[in-house]
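Okay, work-v4.csv now, which holds CSV, C-alpha atoms:
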```
chain,number,residue,atom,x,y,z
R,1,MET,CA,0.0,0.0,0.0
R,2,PHE,CA,3.0,2.3,0.7
R,3,ALA,CA,4.2,2.1,-2.9
R,4,GLU,CA,0.7,2.5,-4.3
R,5,ALA,CA,0.1,5.6,-2.3
R,6,VAL,CA,3.4,7.1,-3.3
R,7,ASN,CA,2.9,6.4,-7.0
R,8,ALA,CA,-0.6,7.8,-6.9
R,9,LEU,CA,0.6,11.0,-5.2
R,10,ILE,CA,3.5,11.5,-7.6
R,11,ASP,CA,1.1,11.0,-10.5
R,12,GLY,CA,-0.6,14.2,-9.2
R,13,ARG,CA,-3.8,12.5,-8.0
R,14,VAL,CA,-5.9,13.8,-5.1
R,15,ILE,CA,-6.5,10.8,-2.9
R,16,CYS,CA,-10.0,10.8,-1.3
R,17,HIS,CA,-12.5,8.3,0.1
R,18,VAL,CA,-14.7,8.6,-3.0
R,19,THR,CA,-12.1,7.6,-5.6
R,20,GLU,CA,-9.6,5.5,-3.7
R,21,PRO,CA,-10.9,4.6,-0.3
R,22,GLU,CA,-8.1,2.1,0.6
R,23,LEU,CA,-5.3,4.6,-0.2
R,24,PHE,CA,-7.3,7.3,1.6
R,25,ASP,CA,-7.5,5.2,4.7
R,26,HIS,CA,-3.7,4.5,4.4
R,27,LEU,CA,-2.9,8.2,4.2
R,28,SER,CA,-5.3,9.0,7.1
R,29,ASP,CA,-3.0,7.1,9.4
R,30,ALA,CA,-0.6,9.7,10.8
R,31,ASP,CA,2.3,7.2,11.1
R,32,LYS,CA,1.9,5.9,7.6
R,33,ARG,CA,1.6,9.4,6.2
R,34,GLU,CA,4.8,10.5,8.0
R,35,ARG,CA,6.6,7.5,6.4
R,36,ILE,CA,5.5,8.7,3.0
R,37,ASN,CA,6.4,12.3,3.8
R,38,THR,CA,9.9,11.1,4.7
R,39,TYR,CA,10.2,9.4,1.4
R,40,VAL,CA,8.8,12.1,-0.9
R,41,GLY,CA,10.6,14.8,1.1
R,42,GLN,CA,13.9,13.5,-0.3
R,43,ILE,CA,12.7,14.6,-3.8
R,44,GLY,CA,11.3,18.0,-2.7
R,45,TRP,CA,7.6,17.2,-1.9
R,46,ARG,CA,5.3,16.8,1.0
R,47,VAL,CA,1.8,15.4,1.6
R,48,VAL,CA,-0.9,17.9,2.6
R,49,ALA,CA,-4.6,17.5,3.3
R,50,THR,CA,-7.4,19.6,2.0
R,51,HIS,CA,-8.8,22.1,4.6
R,52,ASN,CA,-11.3,19.6,5.9
R,53,LYS,CA,-9.1,16.5,5.4
R,54,SER,CA,-11.3,15.1,2.5
R,55,GLY,CA,-8.3,14.4,0.3
R,56,TYR,CA,-4.5,14.2,0.2
R,57,PHE,CA,-2.1,15.4,-2.4
R,58,LEU,CA,1.5,16.6,-2.9
R,59,VAL,CA,2.9,20.1,-2.9
R,60,PRO,CA,6.6,21.2,-3.2
R,61,LEU,CA,8.5,21.7,0.1
R,62,LYS,CA,10.0,24.7,-1.6
R,63,PRO,CA,9.4,25.7,-5.2
R,64,SER,CA,12.6,25.2,-7.2
R,65,GLU,CA,13.7,24.2,-10.6
R,66,ALA,CA,13.2,20.5,-9.6
R,67,THR,CA,9.5,21.1,-8.9
R,68,GLY,CA,8.9,24.1,-11.1
R,69,ALA,CA,7.6,22.1,-14.1
R,70,SER,CA,5.0,20.3,-11.9
R,71,LEU,CA,4.0,23.5,-10.2
R,72,SER,CA,3.6,25.2,-13.6
R,73,SER,CA,1.4,22.3,-14.8
R,74,MET,CA,-0.7,22.5,-11.6
R,75,HIS,CA,-1.0,26.3,-12.2
R,76,ARG,CA,-2.3,25.8,-15.7
R,77,LYS,CA,-4.7,23.1,-14.7
R,78,ILE,CA,-6.3,25.2,-11.9
R,79,MET,CA,-6.4,28.4,-13.9
R,80,GLY,CA,-8.1,26.4,-16.7
R,81,ASP,CA,-10.6,24.8,-14.3
R,82,MET,CA,-11.4,27.9,-12.3
R,83,ARG,CA,-14.1,29.7,-14.3
R,84,PRO,CA,-16.0,26.6,-15.4
R,85,MET,CA,-15.8,25.2,-11.8
R,86,ILE,CA,-17.1,28.3,-10.3
R,87,ASP,CA,-20.0,28.3,-12.8
R,88,PHE,CA,-20.7,24.6,-12.0
R,89,LEU,CA,-20.7,25.1,-8.3
R,90,ALA,CA,-23.1,28.1,-8.7
R,91,LEU,CA,-25.3,25.9,-10.9
R,92,CYS,CA,-25.4,23.2,-8.2
R,93,LEU,CA,-26.4,25.8,-5.5
R,94,ALA,CA,-29.2,27.1,-7.7
R,95,VAL,CA,-30.5,23.6,-8.7
R,96,GLY,CA,-30.3,22.3,-5.1
R,97,GLN,CA,-31.8,25.5,-3.7
R,98,THR,CA,-29.2,25.4,-0.9
R,99,ASP,CA,-26.6,27.6,0.7
R,100,SER,CA,-24.2,24.7,1.0
R,101,VAL,CA,-21.5,24.5,-1.7
R,102,LEU,CA,-20.8,21.1,-3.2
R,103,ARG,CA,-18.5,19.0,-1.0
R,104,PRO,CA,-16.8,15.6,-1.3
R,105,GLY,CA,-19.3,12.8,-0.9
R,106,ASP,CA,-22.3,14.9,-2.1
R,107,ARG,CA,-24.3,13.2,-4.8
R,108,ILE,CA,-25.7,14.5,-8.0
R,109,TYR,CA,-28.5,12.4,-9.6
R,110,PRO,CA,-28.6,13.5,-13.3
R,111,GLY,CA,-32.3,12.8,-13.8
R,112,GLN,CA,-33.4,14.9,-10.9
R,113,TYR,CA,-31.0,17.7,-11.7
R,114,ALA,CA,-32.1,17.7,-15.4
R,115,SER,CA,-35.8,17.9,-14.5
R,116,ARG,CA,-35.2,20.9,-12.2
R,117,ILE,CA,-33.1,22.6,-14.9
R,118,GLU,CA,-35.7,22.0,-17.6
R,119,ALA,CA,-38.3,23.6,-15.4
R,120,SER,CA,-36.4,26.9,-15.1
R,121,SER,CA,-35.4,29.0,-18.1
R,122,LYS,CA,-32.6,30.7,-16.0
R,123,LEU,CA,-31.1,27.3,-15.0
R,124,PHE,CA,-31.4,26.0,-18.5
R,125,SER,CA,-29.6,29.1,-19.8
R,126,ASP,CA,-26.8,28.7,-17.2
R,127,LEU,CA,-26.3,25.1,-18.2
R,128,LYS,CA,-26.3,26.0,-21.9
R,129,THR,CA,-23.5,28.5,-21.1
R,130,LEU,CA,-21.5,26.1,-19.0
R,131,TYR,CA,-21.9,23.1,-21.4
R,132,PRO,CA,-19.4,24.2,-24.1
R,133,LYS,CA,-16.8,25.1,-21.4
R,134,LEU,CA,-17.0,21.6,-20.0
R,135,SER,CA,-17.6,19.4,-23.0
R,136,ARG,CA,-15.6,18.4,-26.1
R,137,SER,CA,-18.8,18.5,-28.2
R,138,THR,CA,-21.4,21.2,-28.6
R,139,GLY,CA,-24.2,19.2,-30.3
R,140,LYS,CA,-26.4,18.5,-27.3
R,141,LYS,CA,-29.6,20.5,-27.0
R,142,ASP,CA,-31.6,19.1,-24.1
R,143,ALA,CA,-30.8,19.5,-20.4
R,144,ALA,CA,-30.3,15.8,-19.7
R,145,ASP,CA,-27.7,15.4,-22.5
R,146,MET,CA,-25.8,18.6,-21.7
R,147,LEU,CA,-25.7,17.8,-18.0
R,148,LYS,CA,-24.4,14.3,-18.7
R,149,ALA,CA,-21.6,15.7,-20.9
R,150,VAL,CA,-20.7,18.2,-18.2
R,151,LEU,CA,-20.6,15.6,-15.4
R,152,LYS,CA,-18.5,13.2,-17.6
R,153,ASN,CA,-16.0,15.9,-18.3
R,154,LEU,CA,-15.8,16.7,-14.5
R,155,GLU,CA,-15.2,13.0,-13.9
R,156,GLN,CA,-12.3,13.1,-16.4
R,157,ARG,CA,-10.9,16.1,-14.5
R,158,GLY,CA,-11.2,14.3,-11.2
R,159,TYR,CA,-13.9,16.3,-9.6
R,160,MET,CA,-16.7,13.7,-9.8
R,161,LYS,CA,-17.0,9.9,-9.7
R,162,GLU,CA,-19.8,8.0,-11.5
R,163,LYS,CA,-21.3,5.2,-9.4
R,164,ASP,CA,-24.1,2.8,-10.2
R,165,TYR,CA,-27.4,2.2,-8.4
R,166,GLU,CA,-30.6,0.5,-9.2
R,167,GLY,CA,-29.3,-1.5,-12.1
R,168,ASP,CA,-28.4,0.6,-15.1
R,169,ARG,CA,-28.9,4.0,-13.4
R,170,SER,CA,-26.0,6.0,-12.0
R,171,TYR,CA,-25.2,9.1,-9.9
R,172,TYR,CA,-22.1,11.3,-9.6
R,173,GLU,CA,-20.3,11.8,-6.3
R,174,ALA,CA,-18.1,14.8,-5.6
R,175,THR,CA,-14.5,13.9,-4.8
R,176,GLY,CA,-11.8,15.4,-2.7
R,177,MET,CA,-10.6,17.3,-5.7
R,178,VAL,CA,-13.5,19.7,-5.1
R,179,ASP,CA,-11.9,20.8,-1.9
R,180,ALA,CA,-8.4,20.6,-3.4
R,181,PHE,CA,-9.5,23.0,-6.1
R,182,HIS,CA,-10.0,25.8,-3.5
R,183,ASP,CA,-6.8,24.9,-1.5
R,184,LEU,CA,-4.6,24.7,-4.6
R,185,VAL,CA,-5.8,28.1,-5.8
R,186,ASP,CA,-4.7,29.5,-2.4
R,187,PHE,CA,-1.4,27.6,-2.7
R,188,LEU,CA,-0.7,28.9,-6.2
R,189,ILE,CA,-1.4,32.5,-5.2
R,190,ALA,CA,1.1,32.2,-2.4
R,191,ASN,CA,3.8,30.5,-4.4
R,192,THR,CA,3.4,32.0,-7.9
R,193,PRO,CA,2.8,35.8,-7.4
R,194,GLU,CA,2.1,36.3,-11.1
R,195,ALA,CA,-1.0,34.2,-10.7
R,196,GLN,CA,-2.6,36.8,-8.4
R,197,GLU,CA,-3.8,39.2,-11.1
R,198,SER,CA,-5.2,36.3,-13.1
R,199,VAL,CA,-7.4,35.0,-10.3
R,200,ASP,CA,-8.5,38.2,-8.6
R,201,GLU,CA,-11.7,38.5,-10.6
R,202,PHE,CA,-12.6,34.8,-10.1
R,203,ILE,CA,-11.9,34.9,-6.4
R,204,GLN,CA,-14.2,37.8,-6.0
R,205,GLN,CA,-17.0,35.9,-7.9
R,206,GLU,CA,-16.3,32.8,-5.9
R,207,SER,CA,-16.9,34.7,-2.6
R,208,LEU,CA,-20.5,35.3,-3.8
R,209,LEU,CA,-21.2,31.6,-3.6
```
Serialized structure, structure tokens:
Amino acid sequence: MFAEAVNALIDGRVICHVTEPELFDHLSDADKRERINTYVGQIGWRVVATHNKSGYFLVPLKPSEATGASLSSMHRKIMGDMRPMIDFLALCLAVGQTDSVLRPGDRIYPGQYASRIEASSKLFSDLKTLYPKLSRSTGKKDAADMLKAVLKNLEQRGYMKEKDYEGDRSYYEATGMVDAFHDLVDFLIANTPEAQESVDEFIQQESLL
């Protein structure tokens, strides 16, 4: 399990109870996590948890040439995800009619969400705007198909996990990457000053959620 956890972390994955429960349990053990930290620390990394300990991932001990490429890649990914993720989280708030932002373990049932979206011209418009940002195709017209494409894309990005229930039906469960999204933005701002100007507008909008 030690080797599996190290390899998963070095691959850049966020280990959470939704996507990889066994590895998550392994990393939740302080002694085992310290052993992994000792190992990855030799190559300039450390294991950190999201703010509510819903997931574990690697960050550089100290940004340097050795970790610069990975940090830059992380930066590009988060910057690319930021606007569509904020829009998606806002859509979830509106559809669910709740003040609680999507968190790891929360479930989205596509059929229920699509029905609520179809019943509201505002929600349908929001989904129609979000759809091309989170889909490789733009040919879908109805809410159910657009929502499915969005959720599939978010699963590919690591934010959602599709799970089966009641035979051939499925739901999507939010992963620890949702929390890591917020934490990594904060980390990038602290460690790559040039990112500050790029994210100011998005951070202000995010606070409205």
As a check of understanding: the span from atom CA of R:Lys152 to atom CA of R:Pro132 is 12.8 Å
Exercise: residues within 12 Å of coordinate (-18.5, 14.9, -0.9), counting all atoms listed in the file, as a compact mmCIF listing (two decimals) with C-alpha atoms, keeping the file's coordinate frame:
```txt
# COMPACT_ATOMS: atom_id res chain seq x y z
CA CYS R 16 -10.00 10.80 -1.30
CA HIS R 17 -12.50 8.30 0.10
CA VAL R 18 -14.70 8.60 -3.00
CA THR R 19 -12.10 7.60 -5.60
CA ASN R 52 -11.30 19.60 5.90
CA LYS R 53 -9.10 16.50 5.40
CA SER R 54 -11.30 15.10 2.50
CA GLY R 55 -8.30 14.40 0.30
CA SER R 100 -24.20 24.70 1.00
CA VAL R 101 -21.50 24.50 -1.70
CA LEU R 102 -20.80 21.10 -3.20
CA ARG R 103 -18.50 19.00 -1.00
CA PRO R 104 -16.80 15.60 -1.30
CA GLY R 105 -19.30 12.80 -0.90
CA ASP R 106 -22.30 14.90 -2.10
CA ARG R 107 -24.30 13.20 -4.80
CA ILE R 108 -25.70 14.50 -8.00
CA TYR R 159 -13.90 16.30 -9.60
CA MET R 160 -16.70 13.70 -9.80
CA LYS R 161 -17.00 9.90 -9.70
CA TYR R 172 -22.10 11.30 -9.60
CA GLU R 173 -20.30 11.80 -6.30
CA ALA R 174 -18.10 14.80 -5.60
CA THR R 175 -14.50 13.90 -4.80
CA GLY R 176 -11.80 15.40 -2.70
CA MET R 177 -10.60 17.30 -5.70
CA VAL R 178 -13.50 19.70 -5.10
CA ASP R 179 -11.90 20.80 -1.90
CA ALA R 180 -8.40 20.60 -3.40
```
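Restricting the calculation to all atoms listed in the file, the smallest distance between R:Glu4 and any of R:Val47, R:Cys92, R:Leu147, R:Leu23 is found for R:Leu23.
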Given all atoms listed in the file as the counted atoms, nearest of R:Ala90, R:Thr98, R:Gln42, R:Ala143 to R:Arg116:
R:Ala143
Could you give me, as number ranges by chain, the residues within 12 Å of R:Val40, counting all atoms listed in the file and dropping anything in the same chain fewer than 3 positions from it?
R: 2-3, 5-10, 33-37, 43-48, 57-61
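Minimum atom-to-atom distance to R:Thr129, evaluated using all atoms listed in the file, belongs to R:Asp87 out of R:Asp164, R:Asp142, R:Asp87, R:Asp81.
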Could you check how far atom CA of R:Gln97 sits from atom CA of R:Ser120, in Å to one decimal?
12.4 Å
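One finds atom CA of R:Leu93 at 15.6 Å from atom CA of R:Ala119.
Closest to R:Ala144 among R:Tyr56, R:Phe181, R:Tyr131, R:Tyr165 is R:Tyr131, based on all atoms listed in the file.
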Applying 12 Å and only C-alpha atoms, which residues near stretch 137-141 of chain R remain after dropping the ones on its own chain fewer than 4 positions away? List them as an NGL selection string.
:R and (118 or 124-125 or 127-133 or 145-150 or 152-153)
With distances taken over all atoms listed in the file, the candidate from R:Ala190, R:Leu123, R:Met85, R:Ile117 nearest R:Leu154 is R:Met85
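Closest to R:Leu151 among R:Ser135, R:Lys32, R:Ile86, R:Phe24 is R:Ser135, based on only C-alpha atoms.
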Filled-in all heavy atoms of stretch 98-109 of chain R, supplied as a tab-separated table (two decimals), in the coordinates of the input:
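Written output follows (result_35.tsv):
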```tsv
chain	number	residue	atom	x	y	z
R	98	THR	N	-29.89	25.50	-2.19
R	98	THR	CA	-29.20	25.40	-0.90
R	98	THR	C	-28.12	26.40	-0.78
R	98	THR	O	-27.66	26.96	-1.78
R	98	THR	CB	-28.59	23.96	-0.77
R	98	THR	OG1	-27.85	23.86	0.45
R	98	THR	CG2	-27.65	23.66	-1.94
R	99	ASP	N	-27.71	26.67	0.45
R	99	ASP	CA	-26.60	27.60	0.70
R	99	ASP	C	-25.29	26.81	0.87
R	99	ASP	O	-24.24	27.41	1.09
R	99	ASP	CB	-26.85	28.40	1.98
R	99	ASP	CG	-28.03	29.35	1.82
R	99	ASP	OD1	-28.24	29.81	0.69
R	99	ASP	OD2	-28.72	29.61	2.82
R	100	SER	N	-25.34	25.49	0.79
R	100	SER	CA	-24.20	24.70	1.00
R	100	SER	C	-23.48	24.34	-0.32
R	100	SER	O	-24.08	23.73	-1.20
R	100	SER	CB	-24.55	23.34	1.70
R	100	SER	OG	-25.15	23.59	2.96
R	101	VAL	N	-22.23	24.78	-0.45
R	101	VAL	CA	-21.50	24.50	-1.70
R	101	VAL	C	-21.18	23.00	-1.74
R	101	VAL	O	-21.03	22.32	-0.73
R	101	VAL	CB	-20.14	25.29	-1.63
R	101	VAL	CG1	-19.28	24.95	-2.84
R	101	VAL	CG2	-20.41	26.78	-1.59
R	102	LEU	N	-21.13	22.48	-2.96
R	102	LEU	CA	-20.80	21.10	-3.20
R	102	LEU	C	-19.58	20.65	-2.45
R	102	LEU	O	-18.55	21.33	-2.51
R	102	LEU	CB	-20.68	20.83	-4.69
R	102	LEU	CG	-20.61	19.37	-5.14
R	102	LEU	CD1	-22.01	18.73	-5.06
R	102	LEU	CD2	-20.09	19.30	-6.58
R	103	ARG	N	-19.67	19.51	-1.73
R	103	ARG	CA	-18.50	19.00	-1.00
R	103	ARG	C	-18.29	17.56	-1.29
R	103	ARG	O	-19.20	16.87	-1.80
R	103	ARG	CB	-18.81	19.18	0.54
R	103	ARG	CG	-19.03	20.61	0.96
R	103	ARG	CD	-19.12	20.73	2.46
R	103	ARG	NE	-17.92	20.20	3.11
R	103	ARG	CZ	-17.65	20.39	4.41
R	103	ARG	NH1	-18.48	21.07	5.15
R	103	ARG	NH2	-16.57	19.89	4.94
R	104	PRO	N	-17.10	17.04	-0.99
R	104	PRO	CA	-16.80	15.60	-1.30
R	104	PRO	C	-17.86	14.72	-0.61
R	104	PRO	O	-18.23	14.91	0.55
R	104	PRO	CB	-15.43	15.43	-0.63
R	104	PRO	CG	-14.80	16.78	-0.72
R	104	PRO	CD	-15.91	17.75	-0.47
R	105	GLY	N	-18.33	13.75	-1.37
R	105	GLY	CA	-19.30	12.80	-0.90
R	105	GLY	C	-20.75	13.22	-1.27
R	105	GLY	O	-21.66	12.39	-1.22
R	106	ASP	N	-20.96	14.48	-1.66
R	106	ASP	CA	-22.30	14.90	-2.10
R	106	ASP	C	-22.59	14.22	-3.45
R	106	ASP	O	-21.71	14.02	-4.28
R	106	ASP	CB	-22.33	16.43	-2.31
R	106	ASP	CG	-22.36	17.17	-0.98
R	106	ASP	OD1	-22.53	16.51	0.06
R	106	ASP	OD2	-22.20	18.41	-1.00
R	107	ARG	N	-23.87	13.89	-3.64
R	107	ARG	CA	-24.30	13.20	-4.80
R	107	ARG	C	-25.13	14.03	-5.75
R	107	ARG	O	-25.93	14.83	-5.29
R	107	ARG	CB	-25.06	11.91	-4.45
R	107	ARG	CG	-24.25	10.91	-3.64
R	107	ARG	CD	-25.12	9.72	-3.25
R	107	ARG	NE	-24.35	8.72	-2.50
R	107	ARG	CZ	-24.85	7.56	-2.08
R	107	ARG	NH1	-26.13	7.26	-2.34
R	107	ARG	NH2	-24.09	6.70	-1.41
R	108	ILE	N	-24.92	13.83	-7.03
R	108	ILE	CA	-25.70	14.50	-8.00
R	108	ILE	C	-26.43	13.37	-8.84
R	108	ILE	O	-25.77	12.52	-9.45
R	108	ILE	CB	-24.91	15.35	-8.99
R	108	ILE	CG1	-24.37	16.57	-8.24
R	108	ILE	CG2	-25.73	15.79	-10.20
R	108	ILE	CD1	-23.50	17.47	-9.07
R	109	TYR	N	-27.76	13.37	-8.81
R	109	TYR	CA	-28.50	12.40	-9.60
R	109	TYR	C	-28.95	13.12	-10.88
R	109	TYR	O	-29.79	14.04	-10.85
R	109	TYR	CB	-29.76	11.96	-8.79
R	109	TYR	CG	-29.39	11.13	-7.58
R	109	TYR	CD1	-29.13	11.73	-6.35
R	109	TYR	CD2	-29.30	9.74	-7.68
R	109	TYR	CE1	-28.77	10.97	-5.24
R	109	TYR	CE2	-28.95	8.97	-6.58
R	109	TYR	CZ	-28.68	9.59	-5.36
R	109	TYR	OH	-28.32	8.84	-4.27
```
